[in-house]
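Source file run_24.cif; content: mmCIF, C-alpha atoms.
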data_protein
#
loop_
_atom_site.label_atom_id
_atom_site.label_comp_id
_atom_site.auth_asym_id
_atom_site.auth_seq_id
_atom_site.Cartn_x
_atom_site.Cartn_y
_atom_site.Cartn_z
CA MET A 1 82.14 94.49 80.06
CA SER A 2 83.86 97.01 77.83
CA ALA A 3 82.74 100.61 77.80
CA PRO A 4 80.66 102.07 74.99
CA GLY A 5 82.78 103.14 72.11
CA THR A 6 85.39 100.39 72.42
CA GLY A 7 85.97 97.77 69.77
CA THR A 8 86.13 94.79 72.17
CA PRO A 9 83.16 92.47 71.60
CA ILE A 10 81.50 91.02 74.70
CA SER A 11 78.88 88.38 75.42
CA LEU A 12 75.73 90.35 76.09
CA TRP A 13 74.13 87.34 77.78
CA ARG A 14 76.73 87.77 80.55
CA ASP A 15 75.60 91.34 81.15
CA ARG A 16 72.82 91.37 83.78
CA ARG A 17 71.73 94.88 82.82
CA PHE A 18 71.22 93.94 79.18
CA ARG A 19 69.45 90.71 80.13
CA ARG A 20 67.01 92.71 82.24
CA PHE A 21 66.32 95.16 79.44
CA TRP A 22 65.98 92.34 76.90
CA ALA A 23 63.52 90.51 79.16
CA GLY A 24 61.37 93.61 79.64
CA GLN A 25 61.25 94.33 75.93
CA SER A 26 60.52 90.69 75.09
CA ILE A 27 57.54 90.52 77.46
CA SER A 28 56.20 93.85 76.19
CA GLN A 29 56.57 92.81 72.55
CA PHE A 30 54.57 89.64 73.21
CA GLY A 31 51.70 91.69 74.63
CA ASP A 32 51.85 94.11 71.71
CA ARG A 33 51.18 91.31 69.23
CA ILE A 34 47.89 90.54 70.96
CA THR A 35 46.79 94.18 70.90
CA GLU A 36 47.77 94.60 67.25
CA LEU A 37 45.33 91.81 66.40
CA ALA A 38 42.70 92.69 69.01
CA LEU A 39 42.20 96.38 68.23
CA PRO A 40 41.25 95.98 64.54
CA LEU A 41 39.19 92.89 65.39
CA ILE A 42 37.24 94.87 68.01
CA ALA A 43 36.55 97.47 65.33
CA VAL A 44 35.65 94.93 62.62
CA THR A 45 33.69 92.31 64.58
CA ALA A 46 32.18 94.21 67.52
CA LEU A 47 31.64 97.62 65.94
CA SER A 48 31.26 96.68 62.22
CA ALA A 49 33.89 99.24 61.21
CA SER A 50 34.48 100.02 57.53
CA ALA A 51 37.85 99.75 55.78
CA ASN A 52 38.29 103.50 56.12
CA GLN A 53 37.54 103.42 59.86
CA VAL A 54 40.03 100.60 60.41
CA ALA A 55 42.61 102.61 58.47
CA TRP A 56 41.99 105.62 60.73
CA LEU A 57 42.53 103.42 63.78
CA THR A 58 45.96 102.46 62.46
CA ALA A 59 46.67 106.08 61.55
CA LEU A 60 45.94 107.39 65.05
CA ILE A 61 48.45 105.01 66.61
CA TRP A 62 51.21 106.65 64.57
CA THR A 63 49.94 110.25 64.45
CA PRO A 64 51.74 111.33 67.69
CA ASN A 65 55.03 110.75 65.88
CA LEU A 66 54.40 114.01 64.03
CA LEU A 67 55.35 115.72 67.31
CA ALA A 68 58.36 113.46 67.98
CA ILE A 69 60.78 116.14 66.77
CA ILE A 70 59.61 118.46 69.58
CA LEU A 71 59.40 115.73 72.20
CA GLY A 72 62.87 114.46 71.28
CA ALA A 73 64.35 117.93 71.78
CA TRP A 74 62.70 118.08 75.21
CA VAL A 75 63.90 114.58 76.16
CA ASP A 76 67.50 115.46 75.22
CA ARG A 77 67.58 117.95 78.12
CA ARG A 78 66.38 115.34 80.62
CA VAL A 79 69.13 113.40 82.39
CA ARG A 80 67.03 110.44 83.54
CA LYS A 81 65.96 108.82 80.28
CA ARG A 82 65.18 105.56 82.05
CA ARG A 83 62.49 107.22 84.19
CA LEU A 84 60.77 108.52 81.06
CA MET A 85 60.75 105.01 79.58
CA VAL A 86 59.18 103.62 82.76
CA LEU A 87 56.57 106.39 82.75
CA ALA A 88 55.68 105.61 79.12
CA ASP A 89 55.15 101.93 79.98
CA LEU A 90 52.89 102.78 82.93
CA VAL A 91 50.78 105.14 80.83
CA ARG A 92 50.29 102.53 78.10
CA SER A 93 49.25 99.93 80.67
CA ALA A 94 46.64 102.22 82.24
CA VAL A 95 45.16 103.26 78.89
CA LEU A 96 44.83 99.69 77.63
CA LEU A 97 43.10 98.59 80.85
CA SER A 98 40.28 101.01 80.02
CA LEU A 99 39.13 98.67 77.21
CA PRO A 100 38.20 95.64 79.33
CA VAL A 101 36.61 97.97 81.89
CA ALA A 102 34.45 99.54 79.17
CA TYR A 103 33.63 96.08 77.83
CA LEU A 104 32.36 94.94 81.22
CA LEU A 105 30.17 98.05 81.29
CA ASP A 106 29.00 97.35 77.72
CA ALA A 107 30.36 100.76 76.66
CA VAL A 108 33.10 99.99 74.10
CA SER A 109 32.91 102.45 71.21
CA LEU A 110 34.87 103.41 68.12
CA GLY A 111 35.67 106.74 69.80
CA GLN A 112 37.30 104.91 72.72
CA LEU A 113 39.35 102.77 70.34
CA TYR A 114 40.57 105.95 68.64
CA ALA A 115 41.47 107.48 72.03
CA VAL A 116 43.35 104.34 73.09
CA ALA A 117 45.26 104.34 69.80
CA LEU A 118 46.20 108.02 70.16
CA LEU A 119 47.28 107.84 73.82
CA THR A 120 49.28 104.62 73.51
CA GLY A 121 50.91 106.07 70.40
CA THR A 122 51.92 109.21 72.33
CA ALA A 123 53.43 107.15 75.14
CA ALA A 124 55.30 105.09 72.56
CA VAL A 125 56.87 108.27 71.14
CA LEU A 126 58.09 109.23 74.62
CA PHE A 127 59.61 105.77 75.09
CA ASN A 128 61.23 105.72 71.65
CA THR A 129 62.85 109.16 71.95
CA ALA A 130 64.31 108.28 75.36
CA TYR A 131 65.48 104.89 74.09
CA PRO A 132 68.52 105.79 71.85
CA PRO A 133 70.70 107.45 74.53
CA PHE A 134 69.68 104.75 77.02
CA PHE A 135 70.70 102.04 74.52
CA ALA A 136 74.01 103.77 73.75
CA HIS A 137 74.90 103.88 77.48
CA LEU A 138 73.82 100.28 77.99
CA VAL A 139 75.53 98.58 75.01
CA PRO A 140 79.15 98.94 73.77
CA ARG A 141 79.55 100.21 70.21
CA SER A 142 81.11 96.94 69.04
CA SER A 143 77.97 95.09 70.17
CA TYR A 144 75.34 97.35 68.50
CA VAL A 145 74.48 94.87 65.74
CA ASP A 146 74.49 91.94 68.17
CA ALA A 147 72.25 93.77 70.68
CA ASN A 148 69.81 94.88 67.98
CA SER A 149 69.80 91.33 66.64
CA LYS A 150 68.89 89.89 70.06
CA LEU A 151 66.19 92.49 70.67
CA SER A 152 64.79 91.97 67.17
CA ALA A 153 64.91 88.19 67.60
CA SER A 154 62.72 88.39 70.71
CA ARG A 155 60.38 90.71 68.83
CA SER A 156 60.27 88.14 66.04
CA VAL A 157 59.46 85.35 68.49
CA SER A 158 56.58 87.50 69.72
CA HIS A 159 55.38 87.75 66.13
CA VAL A 160 55.49 83.95 65.88
CA VAL A 161 53.75 83.15 69.17
CA GLY A 162 51.76 86.33 69.81
CA PRO A 163 49.30 86.27 66.88
CA ALA A 164 48.47 82.58 67.35
CA VAL A 165 47.96 82.96 71.11
CA GLY A 166 46.23 86.28 70.54
CA GLY A 167 43.83 84.78 68.03
CA GLY A 168 42.98 82.02 70.50
CA LEU A 169 42.52 84.50 73.36
CA VAL A 170 40.31 86.73 71.21
CA GLN A 171 38.09 83.79 70.31
CA ALA A 172 37.97 82.45 73.88
CA LEU A 173 37.79 85.66 75.91
CA THR A 174 36.79 88.35 73.34
CA ALA A 175 39.19 90.98 72.05
CA PRO A 176 38.71 93.63 74.79
CA VAL A 177 39.55 91.13 77.55
CA ALA A 178 42.59 89.80 75.65
CA VAL A 179 44.09 93.32 75.75
CA VAL A 180 44.66 92.84 79.50
CA VAL A 181 47.69 90.68 78.63
CA ASP A 182 49.36 93.64 76.88
CA ALA A 183 48.58 95.96 79.80
CA VAL A 184 50.27 93.54 82.21
CA SER A 185 53.26 93.20 79.87
CA TYR A 186 53.88 96.96 80.08
CA LEU A 187 53.85 96.74 83.89
CA ALA A 188 56.50 94.01 83.69
CA SER A 189 58.60 96.09 81.31
CA ALA A 190 58.39 99.14 83.62
CA PHE A 191 59.47 97.01 86.59
CA LEU A 192 62.48 95.46 84.81
CA ILE A 193 63.73 98.69 83.21
CA GLY A 194 63.33 100.53 86.51
CA ARG A 195 65.72 98.05 88.18
CA ILE A 196 68.57 98.49 85.67
CA PRO A 197 71.54 100.28 87.28
CA LEU A 198 72.84 102.75 84.71
CA ASP A 199 75.09 105.78 84.92
CA GLU A 200 73.23 108.24 82.71
CA SER A 201 75.86 110.95 82.34
CA PRO A 202 74.43 114.36 81.39
CA SER A 203 76.15 114.44 77.99
CA GLY A 204 75.23 117.56 76.06
CA ILE A 205 73.62 119.13 79.18
CA ASP A 206 75.41 121.86 81.03
CA GLY A 207 74.70 124.94 83.05
CA ALA A 208 74.83 127.33 80.14
CA ALA A 209 71.66 128.78 78.72
CA ALA A 210 70.18 126.13 76.44
CA PRO A 211 68.81 126.93 73.00
CA SER A 212 65.05 127.08 72.76
CA LEU A 213 63.03 123.91 72.32
CA LEU A 214 62.23 124.75 68.71
CA ARG A 215 65.88 125.55 67.98
CA ARG A 216 67.00 122.21 69.38
CA ALA A 217 64.31 120.44 67.37
CA ARG A 218 65.48 122.23 64.22
CA ASP A 219 69.10 121.27 64.94
CA GLY A 220 68.09 117.62 65.10
CA MET A 221 66.41 117.77 61.70
CA VAL A 222 69.29 119.72 60.14
CA PHE A 223 71.79 117.15 61.41
CA VAL A 224 69.78 114.30 59.86
CA TRP A 225 69.39 116.07 56.52
CA ARG A 226 73.06 117.09 56.20
CA HIS A 227 74.40 113.66 57.08
CA PRO A 228 74.57 111.53 53.89
CA VAL A 229 73.99 108.23 55.71
CA LEU A 230 71.12 109.47 57.88
CA ARG A 231 69.49 111.33 54.98
CA ALA A 232 69.51 108.30 52.68
CA GLY A 233 68.38 105.99 55.48
CA LEU A 234 65.53 108.33 56.35
CA CYS A 235 64.32 108.74 52.76
CA CYS A 236 64.44 104.98 52.22
CA ALA A 237 62.62 104.22 55.48
CA VAL A 238 59.97 106.88 54.79
CA THR A 239 59.24 105.43 51.35
CA VAL A 240 59.03 101.83 52.51
CA ASN A 241 56.96 102.76 55.58
CA PHE A 242 54.50 104.83 53.60
CA PHE A 243 53.74 102.03 51.16
CA THR A 244 53.75 99.20 53.70
CA PHE A 245 51.23 101.21 55.70
CA VAL A 246 49.15 101.74 52.58
CA ALA A 247 48.84 97.96 52.85
CA GLY A 248 49.01 98.05 56.66
CA THR A 249 48.19 95.45 59.31
CA GLY A 250 44.62 96.66 59.72
CA LEU A 251 43.84 96.30 56.02
CA MET A 252 45.71 93.00 55.88
CA VAL A 253 43.54 91.64 58.72
CA LEU A 254 40.44 93.02 56.98
CA PHE A 255 41.55 91.46 53.65
CA ALA A 256 42.23 88.10 55.30
CA SER A 257 38.88 88.17 57.10
CA ARG A 258 36.50 89.45 54.43
CA VAL A 259 38.18 88.58 51.13
CA LEU A 260 40.10 85.42 52.00
CA GLY A 261 37.41 84.25 54.43
CA LEU A 262 39.81 83.29 57.24
CA SER A 263 38.70 83.10 60.88
CA ALA A 264 40.42 85.04 63.67
CA GLY A 265 42.23 81.88 64.74
CA ALA A 266 43.35 81.09 61.19
CA ILE A 267 44.58 84.66 60.68
CA GLY A 268 46.54 84.57 63.92
CA LEU A 269 48.03 81.18 63.08
CA ALA A 270 49.03 82.25 59.54
CA LEU A 271 50.62 85.47 60.79
CA GLY A 272 52.38 83.57 63.56
CA VAL A 273 53.78 80.90 61.22
CA GLY A 274 54.81 83.57 58.72
CA SER A 275 56.58 85.56 61.40
CA THR A 276 59.19 82.81 61.78
CA GLY A 277 60.81 84.64 58.86
CA ALA A 278 61.38 87.66 61.09
CA LEU A 279 62.95 85.43 63.72
CA LEU A 280 65.23 83.88 61.11
CA GLY A 281 66.14 87.31 59.74
CA ALA A 282 66.94 88.70 63.20
CA VAL A 283 69.14 85.73 64.13
CA LEU A 284 70.98 85.73 60.81
CA ALA A 285 71.35 89.53 60.48
CA PRO A 286 74.78 89.75 62.21
CA ARG A 287 76.13 86.83 60.18
CA ILE A 288 74.79 88.21 56.90
CA SER A 289 76.14 91.69 57.64
CA ARG A 290 79.58 90.21 58.29
CA ARG A 291 79.34 88.25 55.05
CA ILE A 292 78.07 90.91 52.63
CA GLY A 293 78.45 94.08 54.70
CA VAL A 294 76.12 96.24 56.77
CA GLY A 295 75.20 98.47 53.82
CA ARG A 296 74.34 95.68 51.40
CA SER A 297 72.26 93.96 54.08
CA ILE A 298 70.21 97.15 54.35
CA VAL A 299 69.76 97.20 50.56
CA VAL A 300 68.56 93.57 50.47
CA GLY A 301 66.17 94.21 53.34
CA ALA A 302 64.70 97.30 51.68
CA VAL A 303 63.51 95.13 48.78
CA LEU A 304 62.60 91.94 50.63
CA PHE A 305 60.49 93.80 53.20
CA PRO A 306 57.70 95.21 50.95
CA ALA A 307 57.80 93.03 47.82
CA PRO A 308 56.16 89.89 49.32
CA ILE A 309 52.94 91.80 50.04
CA ALA A 310 52.11 90.99 46.42
CA ILE A 311 51.98 87.27 47.35
CA ALA A 312 49.18 87.89 49.83
CA ALA A 313 47.38 90.12 47.34
CA GLY A 314 47.30 87.28 44.80
CA ALA A 315 45.99 84.66 47.25
CA GLY A 316 43.10 82.44 46.21
CA GLY A 317 41.97 78.85 45.91
CA PRO A 318 41.29 76.46 48.81
CA LEU A 319 41.63 77.44 52.45
CA TRP A 320 45.13 76.01 52.85
CA ALA A 321 46.35 77.99 49.82
CA ARG A 322 44.86 81.26 51.08
CA ALA A 323 46.30 80.82 54.56
CA GLY A 324 49.60 79.62 53.07
CA ALA A 325 49.93 82.69 50.84
CA LEU A 326 49.35 84.96 53.84
CA ALA A 327 51.94 83.03 55.88
CA GLY A 328 54.46 82.98 53.01
CA ALA A 329 54.18 86.72 52.46
CA GLU A 330 54.70 87.34 56.17
CA PHE A 331 57.71 84.98 56.24
CA LEU A 332 59.63 86.67 53.42
CA SER A 333 58.68 90.16 54.55
CA GLY A 334 59.84 89.28 58.08
CA VAL A 335 63.30 88.26 56.85
CA GLY A 336 63.53 91.52 54.92
CA VAL A 337 62.40 93.85 57.69
CA MET A 338 64.92 92.38 60.13
CA LEU A 339 67.83 92.69 57.72
CA PHE A 340 66.76 96.29 57.16
CA ASP A 341 66.03 97.28 60.77
CA VAL A 342 68.88 95.55 62.63
CA ASN A 343 71.57 96.94 60.33
CA LEU A 344 70.10 100.41 59.73
CA ASN A 345 69.41 100.99 63.44
CA SER A 346 72.95 99.93 64.33
CA LEU A 347 74.44 102.13 61.62
CA GLN A 348 72.44 105.15 62.74
CA THR A 349 73.41 104.64 66.39
CA SER A 350 77.09 104.60 65.39
CA VAL A 351 77.02 107.95 63.54
CA ILE A 352 74.91 110.08 65.94
CA PRO A 353 76.78 112.04 68.67
CA ASP A 354 75.67 111.14 72.18
CA GLY A 355 74.50 114.62 73.17
CA ILE A 356 71.85 114.87 70.44
CA ARG A 357 70.56 111.31 70.19
CA SER A 358 67.01 112.01 71.39
CA ARG A 359 66.44 115.06 69.22
CA VAL A 360 67.83 113.25 66.16
CA ALA A 361 65.62 110.25 67.00
CA GLY A 362 62.68 112.63 67.33
CA ALA A 363 63.41 114.28 64.00
CA PHE A 364 63.81 110.90 62.34
CA SER A 365 60.59 109.61 63.92
CA THR A 366 58.57 112.68 62.96
CA VAL A 367 59.25 112.06 59.30
CA ASN A 368 59.65 108.28 59.27
CA TYR A 369 56.80 107.36 61.60
CA GLY A 370 54.79 110.48 60.84
CA VAL A 371 54.30 109.26 57.29
CA ARG A 372 52.72 106.03 58.54
CA PRO A 373 49.30 107.49 59.42
CA ILE A 374 49.29 109.23 56.05
CA GLY A 375 49.99 105.89 54.37
CA ALA A 376 47.25 104.22 56.43
CA VAL A 377 44.69 106.88 55.48
CA VAL A 378 45.70 106.71 51.81
CA GLY A 379 45.40 102.93 52.04
CA GLY A 380 41.87 103.24 53.39
CA LEU A 381 40.89 105.58 50.56
CA LEU A 382 42.46 103.30 47.94
CA ALA A 383 40.77 100.24 49.44
CA THR A 384 37.42 102.02 49.36
CA GLY A 385 37.88 103.17 45.78
CA PHE A 386 39.80 100.32 44.13
CA GLY A 387 39.47 97.32 46.45
CA LEU A 388 41.74 95.59 48.94
CA ARG A 389 43.72 93.49 46.44
CA ALA A 390 44.71 96.49 44.32
CA THR A 391 45.72 98.42 47.45
CA LEU A 392 48.03 95.63 48.61
CA LEU A 393 49.68 95.50 45.18
CA ILE A 394 50.27 99.26 45.23
CA GLY A 395 51.93 98.88 48.64
CA ALA A 396 54.23 96.12 47.36
CA VAL A 397 55.37 97.95 44.22
CA GLY A 398 55.72 101.38 45.83
CA GLY A 399 57.65 100.03 48.81
CA THR A 400 60.20 98.32 46.58
CA LEU A 401 61.04 101.70 45.02
CA SER A 402 62.67 102.70 48.33
CA LEU A 403 65.77 100.95 46.99
CA LEU A 404 66.52 103.97 44.78
CA TRP A 405 67.40 106.17 47.78
CA LEU A 406 70.07 103.73 48.94
CA LEU A 407 71.72 103.23 45.55
CA ALA A 408 72.48 106.95 45.33
CA SER A 409 74.09 107.04 48.80
CA PRO A 410 77.27 105.78 50.56
CA ILE A 411 75.27 103.10 52.42
CA PRO A 412 75.83 100.16 50.00
CA ARG A 413 79.61 100.66 50.41
CA ILE A 414 79.59 100.54 54.22
CA ARG A 415 81.18 97.30 55.30
CA SER A 416 81.12 97.36 59.11
CA LEU A 417 80.82 99.60 62.17
CA THR A 418 84.21 99.02 63.79
CA ALA A 419 87.78 99.19 62.56
CA ASP A 420 88.38 95.67 63.87
CA ASP A 421 86.20 94.25 61.12
CA ALA A 422 88.25 95.84 58.36
CA ALA A 423 90.79 93.05 58.50
CA GLU A 424 87.99 90.54 57.95
CA SER A 425 86.89 92.12 54.72
CA PRO A 426 87.28 89.64 51.83
CA GLN A 427 88.53 92.44 49.62
CA GLY A 428 91.04 93.58 52.24
CA THR A 429 90.34 97.18 51.20
CA GLY A 430 88.30 98.40 54.14
CA GLN A 431 88.92 101.99 55.18
CA GLU A 432 87.66 103.48 58.43
CA ASP A 433 86.06 106.92 58.39
CA SER A 434 86.02 109.39 61.28
CA ALA A 435 82.89 107.81 62.74
CA GLY A 436 84.49 104.36 63.00
CA ILE A 437 82.62 102.95 59.98
CA THR A 438 84.51 100.70 57.60
CA VAL A 439 83.72 101.75 54.03
CA GLU A 440 84.68 100.00 50.82
CA PRO A 441 86.39 102.33 48.33
#

Before anything else, please render the file you have as C-alpha cells.
Amino acid sequence: MSAPGTGTPISLWRDRRFRRFWAGQSISQFGDRITELALPLIAVTALSASANQVAWLTALIWTPNLLAIILGAWVDRRVRKRRLMVLADLVRSAVLLSLPVAYLLDAVSLGQLYAVALLTGTAAVLFNTAYPPFFAHLVPRSSYVDANSKLSASRSVSHVVGPAVGGGLVQALTAPVAVVVDAVSYLASAFLIGRIPLDESPSGIDGAAAPSLLRRARDGMVFVWRHPVLRAGLCCAVTVNFFTFVAGTGLMVLFASRVLGLSAGAIGLALGVGSTGALLGAVLAPRISRRIGVGRSIVVGAVLFPAPIAIAAGAGGPLWARAGALAGAEFLSGVGVMLFDVNLNSLQTSVIPDGIRSRVAGAFSTVNYGVRPIGAVVGGLLATGFGLRATLLIGAVGGTLSLLWLLASPIPRIRSLTADDAAESPQGTGQEDSAGITVEP
C-alpha cells in the first residue's frame, strides 16, 4: 500500500485496515436507517406529535453541530483520534438503548426523544471531527475519491435495505424496540474501528505552548473562509442543506403518512427503492468525475440533489402513483447527493493541511450542519402556516439556488486531485496547482 500523499493508486479491497473501517461504517449506517425512520414514527404514531414537534426532533439531532468548531479545535490536540471515534460509537449505543428500556416501562415521552436526539447528535459531532485526520492517515491521497465512493456506496445500500427492513421491524416489533438494531450496530462499529492498527502521528502537536482553544477554533474558520475552494464549497453546502432540511426527512415522512396516506411499510419500501439512486450515484461517482471532472460533478450534484423534492411534493392519484413519486424523488436526489458528497469531500480532504483537519472540519460542520436545525425549524413553521406541499416546493427551489455559489468559484474548473490524471484530460490542458489539484485553465 502506498503512503498517503503519493499518486500511486491501490486496490483498497486488498487493505485489511480499510476493509475493517468500511465494514464498521457499513453496519452502523444500516442501523442508522432504522432509527431515522423509527424516531419520527415514535413521535407521530405513539405520541401524536405535530409537524412542528417533529421538526424540532430533527433540529435537535443537528443542533450540537453549532459547537463543532470548538470541539474540532479540541480534537486537533488529541493524538488518538481513533479512541474518540470508538467512544462516540459507545455513547450513541448506550443512549439509543434507553428507548426500548423506557418502552418496556411504558415511559416513552417526547422529552426523552428530544434528549436522545441531542445526545446522539453530540456524539456524532465528536466522531465526525475525529474522522478527517483518521481518514487521511488510513487512505492514500490518490485513493480519496475511490474510498469515499466505497463508503458512500455502502451508505447507499443501507438506504436501499434499511428503510424497507426498518419499516417491517417497526410494524412487527414497534419503533422503540426496532432501535435496538441501531444500538447494536454502533457496538459493532466501535469493535471494528478499535482493532484497526494505525500510526496516528502527532502532526501539528508539539511541546510548545499551544494557542487557546478559541484561537484554534478561530483559525479553523479563518482558513475555511480564506480558501476559495473551501469557501465556495461551504456556502454551496450550507444553502443546499438549509433548504433540504426545510423539507427534511421528518416532514417527508409526515407528508407521506398524512397527506399521501402511505403506511409505515409502504413509506419504508418507497424510500428503500428510491435509495437505489444513491447507490448508483456512489458507484458511478469516480467514473463520472474522471469523465467530466471533479468540479463539474459537484456542480451537477448540487442541482440534482434538491430539485427532485418537487416530484414528491406534486404526488397524487392512486396508491402506486403516490408511492412511485416518493420513490422517484428519492432516486434522483440520491444520485445527486452522492455526486456532490463523494467529490466535494475528496476535494476538501486534498486541500486541508494535516495538522488542522479536525478544527477545519469543526468549523465547516458548525456552519454547514449547524444550519440544518434552523432549516428544520423553519420547515416546521412553514408547514404549519402554508402546508406540507408548499414547504417541500420551497425546499426544492431554494436548494437548487446553491448552484450560484459554485459558478462564481474555481470549483467547476477543477479536473482531478492528482497530477497523474492531468495526462488523461481530454483537453490535454490540465495544470497542477500547489495542492496537487489539476485545474483547467

Take the PyMOL selection byres ((chain A and resi 365) around 10), run it mentally on this structure, and tell me the resulting residues as JSON, numbers by chain. {"A": [62, 64, 65, 66, 67, 68, 69, 72, 125, 128, 129, 234, 238, 359, 360, 361, 362, 363, 364, 366, 367, 368, 369, 370, 371]}

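Of the residues under consideration (A:Pro410, A:Gly281, A:Gly387, A:Pro100), A:Gly281 shows the shortest atom-to-atom contact distance to A:Val300 when counting all atoms listed in the file.
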
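Coordinates place atom CA of A:Pro286 at a distance of 19.8 Å from atom CA of A:Ser158.
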
Near stretch 39-53 of chain A, 8 Å: stretch 95-191 of chain A residue rows, closest pairs, only C-alpha atoms, as CSV:
residue,atom,partner,partner_atom,distance
A:Ser109,CA,A:Leu47,CA,7.3
A:Leu110,CA,A:Ala43,CA,6.8
A:Leu113,CA,A:Leu39,CA,7.3
A:Ala175,CA,A:Ile42,CA,5.9
A:Pro176,CA,A:Ile42,CA,7.0

Taking (40.8, 103.3, 46.8) in the file's coordinates as the center, which residues reach within 12 Å of it, counting all atoms listed in the file, put as a PyMOL selection string? chain A and resi 51-52+55+246-247+251+376-394

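Each of A:Gly398, A:Gly324, A:Gly277, A:Pro412 was checked against A:Ile298 using only C-alpha atoms; the smallest atom-to-atom distance is that of A:Pro412.
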
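Note that the spacing between atom CA of A:Ala123 and atom CA of A:Leu87 amounts to 8.3 Å.
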
Hey, what comes out of the PyMOL selection byres ((chain A and resi 149) around 9) on this file? Could you write it as a short mmCIF file (atom, residue, chain, number, x, y, z; two decimals) with C-alpha atoms, in the coordinates of the input?
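Done, and the output landed in out-v2.cif:
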data_model
loop_
_atom_site.label_atom_id
_atom_site.label_comp_id
_atom_site.auth_asym_id
_atom_site.auth_seq_id
_atom_site.Cartn_x
_atom_site.Cartn_y
_atom_site.Cartn_z
CA TYR A 144 75.34 97.35 68.50
CA VAL A 145 74.48 94.87 65.74
CA ASP A 146 74.49 91.94 68.17
CA ALA A 147 72.25 93.77 70.68
CA ASN A 148 69.81 94.88 67.98
CA LYS A 150 68.89 89.89 70.06
CA LEU A 151 66.19 92.49 70.67
CA SER A 152 64.79 91.97 67.17
CA ALA A 153 64.91 88.19 67.60
CA SER A 154 62.72 88.39 70.71
CA GLY A 281 66.14 87.31 59.74
CA ALA A 282 66.94 88.70 63.20
CA VAL A 283 69.14 85.73 64.13
CA LEU A 284 70.98 85.73 60.81
CA ALA A 285 71.35 89.53 60.48
CA PRO A 286 74.78 89.75 62.21
CA MET A 338 64.92 92.38 60.13
CA VAL A 342 68.88 95.55 62.63
CA ASN A 343 71.57 96.94 60.33
#
